[in-house]
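What's in query-v1.cif: mmCIF, C-alpha atoms
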data_start
#
loop_
_atom_site.label_atom_id
_atom_site.label_comp_id
_atom_site.auth_asym_id
_atom_site.auth_seq_id
_atom_site.Cartn_x
_atom_site.Cartn_y
_atom_site.Cartn_z
CA MET S 1 7.11 -87.86 59.90
CA LYS S 2 3.48 -88.57 59.16
CA LYS S 3 4.30 -92.22 58.45
CA VAL S 4 5.96 -92.68 61.85
CA LEU S 5 2.97 -91.20 63.60
CA LEU S 6 0.64 -93.52 61.75
CA ASN S 7 2.72 -96.57 62.65
CA LEU S 8 2.68 -95.56 66.32
CA LEU S 9 -1.08 -95.19 66.14
CA LEU S 10 -1.40 -98.66 64.67
CA LEU S 11 0.77 -100.15 67.37
CA LEU S 12 -1.38 -98.55 70.00
CA LEU S 13 -4.48 -100.05 68.42
CA VAL S 14 -2.98 -103.48 67.89
CA ALA S 15 -1.28 -103.77 71.28
CA PRO S 16 -4.50 -104.39 73.27
CA LEU S 17 -5.59 -106.98 70.80
CA LEU S 18 -2.30 -108.86 71.04
CA GLN S 19 -2.45 -108.79 74.75
CA GLN S 20 -5.94 -110.32 74.78
CA CYS S 21 -5.02 -113.07 72.29
CA ALA S 22 -7.11 -111.78 69.45
CA THR S 23 -8.97 -114.23 67.28
CA TYR S 24 -8.40 -114.84 63.56
CA THR S 25 -11.40 -112.67 62.70
CA GLU S 26 -10.04 -109.81 64.67
CA VAL S 27 -6.69 -110.17 63.00
CA ASP S 28 -8.37 -109.93 59.58
CA GLU S 29 -10.24 -106.88 60.72
CA ILE S 30 -6.99 -105.28 61.84
CA ARG S 31 -5.40 -106.07 58.52
CA ARG S 32 -8.34 -104.59 56.68
CA GLN S 33 -8.11 -101.44 58.73
CA LEU S 34 -4.37 -101.29 58.07
CA ARG S 35 -5.05 -101.51 54.33
CA ILE S 36 -7.59 -98.74 54.62
CA VAL S 37 -5.16 -96.57 56.55
CA ASN S 38 -2.40 -97.27 54.03
CA LYS S 39 -4.74 -96.38 51.19
CA LYS S 40 -5.66 -93.13 52.88
CA ILE S 41 -1.97 -92.39 53.36
CA ASP S 42 -1.32 -93.06 49.67
CA ASP S 43 -4.29 -90.92 48.70
CA MET S 44 -3.09 -88.10 50.91
CA ARG S 45 0.40 -88.42 49.50
CA SER S 46 -0.80 -88.37 45.89
CA THR S 47 -3.20 -85.52 46.62
CA THR S 48 -0.56 -83.42 48.38
CA VAL S 49 2.04 -84.08 45.70
CA SER S 50 -0.45 -83.22 42.96
CA GLU S 51 -1.39 -79.98 44.66
CA LEU S 52 2.26 -79.13 45.17
CA GLN S 53 2.99 -79.91 41.56
CA LYS S 54 0.01 -77.82 40.46
CA ASN S 55 1.09 -74.93 42.68
CA GLN S 56 4.60 -75.23 41.34
CA ALA S 57 3.29 -75.26 37.77
CA ALA S 58 1.08 -72.25 38.47
CA SER S 59 4.03 -70.43 40.04
CA THR S 60 6.15 -71.27 37.01
CA GLY S 61 3.41 -69.92 34.71
CA GLN S 62 3.17 -66.74 36.71
CA MET S 63 6.93 -66.32 36.56
CA ASP S 64 6.86 -66.77 32.79
CA GLN S 65 4.02 -64.25 32.51
CA LEU S 66 5.94 -61.77 34.69
CA GLU S 67 9.02 -62.25 32.54
CA GLN S 68 6.96 -61.61 29.41
CA GLU S 69 5.43 -58.49 30.95
CA ILE S 70 8.90 -57.27 31.96
CA LEU S 71 10.11 -57.89 28.41
CA ILE S 72 7.14 -55.97 27.03
CA LEU S 73 7.85 -53.09 29.40
CA LYS S 74 11.49 -53.06 28.33
CA THR S 75 10.43 -53.02 24.68
CA SER S 76 7.96 -50.20 25.36
CA LEU S 77 10.63 -48.21 27.20
CA GLU S 78 13.03 -48.66 24.32
CA GLU S 79 10.37 -47.57 21.82
CA THR S 80 9.58 -44.56 23.99
CA TYR S 81 13.26 -43.68 24.17
CA HIS S 82 13.65 -43.95 20.40
CA LEU S 83 10.47 -41.94 19.89
CA ASN S 84 11.78 -39.22 22.19
CA GLN S 85 15.04 -39.18 20.29
CA ARG S 86 13.20 -38.86 17.00
CA LEU S 87 11.00 -36.10 18.42
CA ARG S 88 14.09 -34.21 19.53
CA GLU S 89 15.56 -34.54 16.07
CA GLN S 90 12.31 -33.43 14.49
CA ASN S 91 12.14 -30.46 16.85
CA LYS S 92 15.64 -29.50 15.82
CA GLU S 93 14.70 -29.84 12.16
CA LEU S 94 11.56 -27.81 12.79
CA GLU S 95 13.56 -25.07 14.49
CA VAL S 96 15.99 -25.03 11.57
CA ALA S 97 13.10 -24.90 9.10
CA ILE S 98 11.40 -22.11 11.05
CA SER S 99 14.65 -20.17 11.21
CA SER S 100 15.20 -20.68 7.48
CA VAL S 101 11.68 -19.54 6.66
CA ALA S 102 12.09 -16.51 8.94
CA GLN S 103 15.32 -15.57 7.18
CA GLU S 104 13.67 -16.01 3.79
CA GLU S 105 10.76 -13.82 4.88
CA ALA S 106 13.17 -11.16 6.17
CA ALA S 107 15.08 -11.26 2.88
CA LYS S 108 11.82 -10.96 0.94
CA ARG S 109 10.73 -7.98 3.06
CA GLU S 110 14.07 -6.28 2.52
CA GLN S 111 13.85 -6.93 -1.21
CA ALA S 112 10.29 -5.60 -1.31
CA LEU S 113 11.41 -2.52 0.64
CA ARG S 114 14.24 -1.91 -1.82
CA GLN S 115 11.83 -2.31 -4.73
CA MET S 116 9.45 0.18 -3.12
CA GLU S 117 12.33 2.63 -2.64
CA GLU S 118 13.33 2.21 -6.28
CA VAL S 119 9.74 2.76 -7.40
CA GLN S 120 9.56 5.86 -5.20
CA ARG S 121 12.78 7.19 -6.68
CA ASP S 122 11.47 6.55 -10.20
CA ARG S 123 8.27 8.39 -9.36
CA GLU S 124 10.20 11.31 -7.91
CA ALA S 125 12.38 11.43 -11.03
CA LYS S 126 9.31 11.35 -13.26
CA LEU S 127 7.69 14.07 -11.15
CA ALA S 128 10.81 16.25 -11.44
CA ASP S 129 10.84 15.67 -15.20
CA LEU S 130 7.17 16.62 -15.44
CA ASN S 131 7.79 19.75 -13.38
CA GLN S 132 10.67 20.70 -15.69
CA LYS S 133 8.50 20.17 -18.76
CA LEU S 134 5.73 22.19 -17.15
CA GLN S 135 8.11 25.07 -16.45
CA GLN S 136 9.35 24.93 -20.05
CA GLN S 137 5.81 25.02 -21.37
CA GLN S 138 5.02 27.96 -19.10
CA GLU S 139 8.05 29.80 -20.47
CA ASN S 140 6.91 29.04 -24.03
CA VAL S 141 3.45 30.40 -23.21
CA ARG S 142 4.98 33.60 -21.79
CA ALA S 143 7.13 33.97 -24.93
CA ILE S 144 4.07 33.52 -27.16
CA GLN S 145 2.14 36.08 -25.13
CA GLU S 146 4.98 38.61 -25.33
CA ALA S 147 5.28 38.06 -29.11
CA ARG S 148 1.56 38.66 -29.50
CA LEU S 149 1.79 41.86 -27.47
CA ARG S 150 4.58 43.12 -29.70
CA GLU S 151 2.53 42.21 -32.80
CA ILE S 152 -0.47 44.11 -31.44
CA GLU S 153 1.67 47.17 -30.69
CA ARG S 154 3.11 47.10 -34.23
CA GLU S 155 -0.35 46.79 -35.78
CA ALA S 156 -1.57 49.67 -33.61
CA LYS S 157 1.31 51.86 -34.80
CA GLU S 158 0.59 51.02 -38.45
CA ALA S 159 -3.10 51.79 -37.95
CA ALA S 160 -2.26 55.13 -36.35
CA LEU S 161 0.08 55.95 -39.24
CA ALA S 162 -2.55 55.03 -41.81
CA ALA S 163 -5.12 57.20 -40.02
CA GLU S 164 -2.68 60.12 -40.00
CA MET S 165 -2.08 59.74 -43.76
CA ALA S 166 -5.78 59.58 -44.45
CA ARG S 167 -6.29 62.70 -42.37
CA LYS S 168 -3.58 64.54 -44.31
CA LYS S 169 -5.08 63.44 -47.65
CA THR S 170 -8.45 64.75 -46.58
CA GLN S 171 -6.92 68.03 -45.50
CA ALA S 172 -5.00 68.34 -48.79
CA ALA S 173 -8.15 67.73 -50.81
CA SER S 174 -9.97 70.33 -48.75
CA ASN S 175 -7.17 72.85 -49.41
CA ILE S 176 -7.37 72.18 -53.16
CA LEU S 177 -11.07 72.83 -53.18
CA GLN S 178 -10.58 76.03 -51.28
CA GLY S 179 -7.59 77.27 -53.34
CA GLY S 180 -9.27 77.46 -56.80
CA GLY S 181 -6.96 77.76 -59.85
CA ASN S 182 -3.86 78.07 -57.81
CA GLY S 183 -4.58 74.78 -56.19
CA THR S 184 -2.75 72.59 -58.74
CA PRO S 185 0.79 73.36 -57.64
CA ARG S 186 -0.30 73.04 -53.99
CA LEU S 187 -1.93 69.69 -54.76
CA LEU S 188 1.27 68.43 -56.36
CA ALA S 189 3.26 69.59 -53.37
CA ASP S 190 0.87 67.88 -51.02
CA GLN S 191 1.04 64.67 -53.08
CA GLN S 192 4.83 64.70 -53.01
CA LYS S 193 4.73 65.28 -49.25
CA VAL S 194 2.36 62.37 -48.81
CA LYS S 195 4.57 60.10 -50.96
CA LYS S 196 7.57 60.98 -48.83
CA GLU S 197 5.65 60.20 -45.67
CA VAL S 198 4.52 56.86 -47.14
CA THR S 199 8.04 55.86 -48.12
CA VAL S 200 9.38 56.59 -44.67
CA ALA S 201 6.71 54.63 -42.86
CA PRO S 202 8.18 53.08 -39.65
CA THR S 203 9.02 49.39 -39.59
CA PRO S 204 9.63 47.16 -36.62
CA PRO S 205 13.11 47.61 -35.19
CA PRO S 206 15.57 44.94 -36.34
CA SER S 207 16.75 44.36 -32.80
CA GLU S 208 13.28 43.21 -31.71
CA PRO S 209 13.31 39.42 -31.36
CA ALA S 210 11.01 37.48 -33.60
CA PRO S 211 8.28 35.47 -31.90
CA PRO S 212 9.22 31.85 -31.35
CA THR S 213 7.86 29.28 -33.74
CA VAL S 214 5.43 27.02 -32.01
CA THR S 215 3.16 24.23 -33.13
CA SER S 216 -0.59 24.37 -33.15
CA THR S 217 -0.72 22.57 -29.84
CA GLN S 218 1.28 25.39 -28.21
CA GLU S 219 -1.02 28.20 -29.35
CA THR S 220 -3.21 27.65 -26.33
CA ALA S 221 -2.21 27.48 -22.71
CA PRO S 222 -1.14 23.90 -21.82
CA LYS S 223 -2.94 22.01 -19.12
CA ALA S 224 -1.04 21.21 -15.97
CA VAL S 225 -0.15 17.52 -15.63
CA ALA S 226 -0.94 16.16 -12.20
CA PRO S 227 1.83 14.03 -10.66
CA PRO S 228 1.07 10.33 -10.14
CA THR S 229 -0.15 9.43 -6.71
CA PRO S 230 0.49 6.10 -5.03
CA ALA S 231 -2.38 3.67 -4.80
CA VAL S 232 -4.07 3.62 -1.41
CA VAL S 233 -6.78 1.50 0.10
CA VAL S 234 -10.02 3.43 0.39
CA GLU S 235 -12.28 2.18 3.14
CA ASP S 236 -15.99 2.56 3.44
CA SER S 237 -17.24 5.29 5.73
CA GLY S 238 -17.36 4.11 9.34
CA GLN S 239 -15.53 0.84 8.62
CA THR S 240 -12.10 -0.13 9.96
CA LEU S 241 -9.29 -1.73 7.99
CA PHE S 242 -9.79 -4.96 9.95
CA ALA S 243 -13.49 -5.04 9.04
CA GLN S 244 -12.63 -4.52 5.38
CA ALA S 245 -10.15 -7.40 5.53
CA GLN S 246 -12.78 -9.57 7.23
CA ARG S 247 -15.24 -8.84 4.42
CA LEU S 248 -12.68 -9.86 1.83
CA PHE S 249 -11.89 -13.04 3.79
CA THR S 250 -15.58 -13.90 4.13
CA ALA S 251 -15.93 -13.41 0.36
CA ASN S 252 -13.10 -16.00 -0.10
CA ASN S 253 -10.86 -13.26 -1.53
CA PHE S 254 -7.93 -14.46 0.59
CA SER S 255 -5.19 -12.95 -1.57
CA ALA S 256 -6.73 -9.47 -1.19
CA ALA S 257 -7.39 -9.86 2.55
CA LEU S 258 -3.85 -11.14 3.28
CA PRO S 259 -1.92 -7.82 2.92
CA LEU S 260 -4.52 -5.98 5.03
CA PHE S 261 -4.22 -8.51 7.86
CA GLU S 262 -0.42 -8.40 7.59
CA LYS S 263 -0.43 -4.62 7.86
CA ILE S 264 -2.52 -4.71 11.07
CA ALA S 265 -0.46 -7.59 12.52
CA GLU S 266 2.78 -5.59 12.16
CA GLU S 267 1.29 -2.78 14.28
CA SER S 268 2.08 -4.05 17.77
CA ALA S 269 0.18 -1.16 19.39
CA ASN S 270 -3.01 -2.14 17.58
CA PRO S 271 -5.34 -4.10 19.92
CA GLN S 272 -6.34 -6.33 17.00
CA SER S 273 -2.78 -7.25 16.02
CA VAL S 274 -3.02 -10.82 17.43
CA GLU S 275 -6.37 -11.42 15.71
CA ALA S 276 -4.89 -10.03 12.50
CA ARG S 277 -1.88 -12.36 12.90
CA PHE S 278 -4.20 -15.33 13.28
CA MET S 279 -6.25 -14.26 10.24
CA THR S 280 -2.99 -13.87 8.29
CA GLY S 281 -2.28 -17.53 9.05
CA GLU S 282 -5.86 -18.45 8.12
CA SER S 283 -5.53 -16.63 4.77
CA LEU S 284 -2.24 -18.42 4.02
CA PHE S 285 -3.82 -21.72 5.09
CA ASN S 286 -6.71 -21.22 2.65
CA LEU S 287 -4.19 -20.28 -0.06
CA LYS S 288 -2.50 -23.66 0.66
CA GLU S 289 0.75 -21.93 1.69
CA TYR S 290 1.04 -24.16 4.76
CA ASP S 291 4.71 -23.42 5.54
CA LYS S 292 4.03 -19.69 5.83
CA ALA S 293 0.82 -20.34 7.77
CA ILE S 294 2.79 -22.43 10.30
CA MET S 295 5.16 -19.48 10.83
CA GLN S 296 2.29 -17.08 11.53
CA PHE S 297 0.65 -19.50 14.00
CA GLN S 298 4.02 -20.09 15.70
CA LYS S 299 4.39 -16.36 16.37
CA ILE S 300 1.13 -16.42 18.34
CA ILE S 301 2.11 -19.61 20.21
CA SER S 302 5.54 -18.30 21.21
CA GLN S 303 4.76 -14.59 21.72
CA GLN S 304 1.19 -14.80 23.10
CA PRO S 305 0.94 -18.27 24.75
CA SER S 306 -1.84 -17.17 27.12
CA HIS S 307 -3.99 -15.55 24.41
CA SER S 308 -7.40 -17.07 23.73
CA LEU S 309 -6.37 -17.76 20.13
CA ALA S 310 -3.27 -19.78 21.13
CA PRO S 311 -5.17 -23.15 21.20
CA SER S 312 -6.70 -22.43 17.78
CA ALA S 313 -3.27 -21.51 16.45
CA MET S 314 -1.81 -24.80 17.73
CA LEU S 315 -4.69 -26.79 16.22
CA LYS S 316 -4.31 -25.05 12.84
CA GLN S 317 -0.56 -25.61 13.00
CA GLY S 318 -1.06 -29.34 13.51
CA ILE S 319 -3.53 -29.53 10.61
CA SER S 320 -1.01 -27.67 8.43
CA PHE S 321 1.63 -30.28 9.25
CA GLU S 322 -0.89 -32.98 8.35
CA ASN S 323 -1.45 -31.32 4.98
CA LEU S 324 2.34 -31.33 4.50
CA ASN S 325 2.31 -35.12 5.18
CA ASP S 326 4.36 -34.64 8.37
CA LYS S 327 2.13 -36.67 10.66
CA ASP S 328 4.77 -37.22 13.35
CA THR S 329 5.17 -33.49 13.92
CA ALA S 330 1.39 -33.09 13.83
CA LYS S 331 1.14 -35.64 16.66
CA VAL S 332 3.66 -33.67 18.71
CA ILE S 333 1.66 -30.45 18.21
CA TYR S 334 -1.62 -32.13 19.19
CA ARG S 335 -0.04 -33.59 22.35
CA LYS S 336 1.30 -30.16 23.30
CA LEU S 337 -2.16 -28.71 22.79
CA LEU S 338 -3.66 -31.38 25.07
CA SER S 339 -1.04 -30.75 27.77
CA ARG S 340 -1.09 -26.93 27.66
CA HIS S 341 -4.80 -26.31 27.04
CA PRO S 342 -6.70 -29.42 28.20
CA GLU S 343 -9.86 -27.40 28.94
CA ALA S 344 -10.00 -25.65 25.54
CA ALA S 345 -12.59 -26.65 22.97
CA GLU S 346 -9.76 -27.27 20.48
CA ALA S 347 -8.38 -30.01 22.76
CA ALA S 348 -11.26 -32.34 21.84
CA GLN S 349 -10.59 -31.82 18.13
CA ALA S 350 -6.89 -32.40 18.70
CA GLN S 351 -7.65 -35.65 20.56
CA GLU S 352 -9.92 -36.80 17.73
CA ARG S 353 -7.34 -36.03 15.03
CA LEU S 354 -4.59 -37.64 17.13
CA GLY S 355 -6.63 -40.81 17.33
CA LYS S 356 -6.91 -40.97 13.54
CA LEU S 357 -3.17 -40.60 12.91
#
Turn the structure described in the file into structure tokens.
Amino acid sequence: MKKVLLNLLLLLLVAPLLQQCATYTEVDEIRRQLRIVNKKIDDMRSTTVSELQKNQAASTGQMDQLEQEILILKTSLEETYHLNQRLREQNKELEVAISSVAQEEAAKREQALRQMEEVQRDREAKLADLNQKLQQQQENVRAIQEARLREIEREAKEAALAAEMARKKTQAASNILQGGGNGTPRLLADQQKVKKEVTVAPTPPPSEPAPPTVTSTQETAPKAVAPPTPAVVVEDSGQTLFAQAQRLFTANNFSAALPLFEKIAEESANPQSVEARFMTGESLFNLKEYDKAIMQFQKIISQQPSHSLAPSAMLKQGISFENLNDKDTAKVIYRKLLSRHPEAAEAAQAQERLGKL
């Protein structure tokens, strides 16, 4: 179309010259102009084609880039899908592990309770045995005391009899002195009377039971044996059980602080039960019992999600998974912490640890 227009333009320019019988010089000038016009046309054609080719090449490059980006997006979506699948599987495994640990803990508590009941029964049996022995010893003491009383009564009777004989001897001697020569037969009669009285001296009745034979240790009253008392935790005056557990924890005596925190955590009515639950997890964490620590932190996360210690519990739970070399689960925990508690101070730590995994 452009070429036709150019030819018409040339005809319009050449027509006046032909009509006026142009000279040879003018004809050369027209030819030169025609060459110039043709050159411009060729230049425009080459320039336009080059630009079109460049635009087409650029469009082709953009299409290739778009296809690559689409392929990358597809790959990313597939990876995200597989990651979600793996996270679901890991969550299922985690739930199974948590359930298994909870069952093990329940079995351990039941076993410990049975052991405590057995120990209590043994103590009660020992206490009953001690009470029986104490009663037997008391009966032995009463028997010894009664035997001693009977011995004292017998000795008193013998002493009274001896005093009576001595009195009669004295009286007989006095009668002899007062009787003069006739006193010999009377003295003999008195002597015979005394001999008869001596031979018939009373003896303990055979029906009287003999005192029981006892050892030297039974000659004195036995001391009462105090029954064993169960061990209890004695707190300082004015200090609570939680404060005592905190002191033990601060002194790095985690094994001693653990049962105190557990005891407070089991008391749901105690206002410090959640703090005690968290410190139970901290004690287990410091004892490197990470599985049990994860369970304690999970109780806070699931039962008290709005508590101020919930972000700290999630952070500690993620670190515990890291220490168990389960980095994938740790990442999931950190992401949950960032989504649930983005304003918490623990969120920054979770973001930092997530970046290093």
Which residue of S:Ala172, S:Leu258, S:Ile300, S:Met165 approaches Ala245 in chain S most closely, using all atoms listed in the file: S:Leu258
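Closest approach to Ile98 in chain S among S:Gln296, S:Gln246, S:Ser283, S:Thr23: S:Gln296, based on all atoms listed in the file.
For the residues S:Phe321, S:Tyr81, S:Phe242, S:Phe261, ranking by smallest atom-to-atom distance to Thr280 in chain S using only C-alpha atoms places S:Phe261 first.
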Distance query Ala313 in chain S at most 9 Å, only C-alpha atoms, self and fewer than 6 positions along chain excluded, as a ChimeraX atom specification: /S:278,281,294,296-298,300-301
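In terms of minimum interatomic distance to Pro311 in chain S, S:Ala347 ranks closest within S:Ala347, S:Ile264, S:Ile30, S:Leu161, counting only C-alpha atoms.
Residues within 10 Å of Ala344 in chain S, counting all atoms listed in the file and excluding same-chain residues fewer than 5 positions away, are Ser308, Ala310, Pro311, Ser312, Leu337, Leu338 and Gln349 of chain S.
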Residue nearest Ala102 in chain S - candidates S:Lys356, S:Lys299, S:Lys133, S:Lys126, atoms counted: all atoms listed in the file: S:Lys299
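Atom pair CA of Lys336 in chain S / CA of Arg88 in chain S has a distance of 13.9 Å (rounded to one decimal).
Separating CA of Ala276 in chain S from CA of Glu262 in chain S is a distance of 6.8 Å.
Interatomic distance, CA of Asp122 in chain S against CA of Gln135 in chain S: 19.8 Å.
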Contacts of Ala350 in chain S at 8 Å (only C-alpha atoms; same-chain gap of 4+ positions) as an MDAnalysis selection string: chainID S and resid 315 334:335 337:338 346 354
Answer as a ChimeraX atom specification, residues within 12 Å of (3.3, -37.1, 10.8) using only C-alpha atoms: /S:86-87,90,318-334,353-354,356-357
Any chance you can output those residues with C-alpha atoms as a compact mmCIF listing (two decimals), in the frame of the given file?
# COMPACT_ATOMS: atom_id res chain seq x y z
CA ARG S 86 13.20 -38.86 17.00
CA LEU S 87 11.00 -36.10 18.42
CA GLN S 90 12.31 -33.43 14.49
CA GLY S 318 -1.06 -29.34 13.51
CA ILE S 319 -3.53 -29.53 10.61
CA SER S 320 -1.01 -27.67 8.43
CA PHE S 321 1.63 -30.28 9.25
CA GLU S 322 -0.89 -32.98 8.35
CA ASN S 323 -1.45 -31.32 4.98
CA LEU S 324 2.34 -31.33 4.50
CA ASN S 325 2.31 -35.12 5.18
CA ASP S 326 4.36 -34.64 8.37
CA LYS S 327 2.13 -36.67 10.66
CA ASP S 328 4.77 -37.22 13.35
CA THR S 329 5.17 -33.49 13.92
CA ALA S 330 1.39 -33.09 13.83
CA LYS S 331 1.14 -35.64 16.66
CA VAL S 332 3.66 -33.67 18.71
CA ILE S 333 1.66 -30.45 18.21
CA TYR S 334 -1.62 -32.13 19.19
CA ARG S 353 -7.34 -36.03 15.03
CA LEU S 354 -4.59 -37.64 17.13
CA LYS S 356 -6.91 -40.97 13.54
CA LEU S 357 -3.17 -40.60 12.91
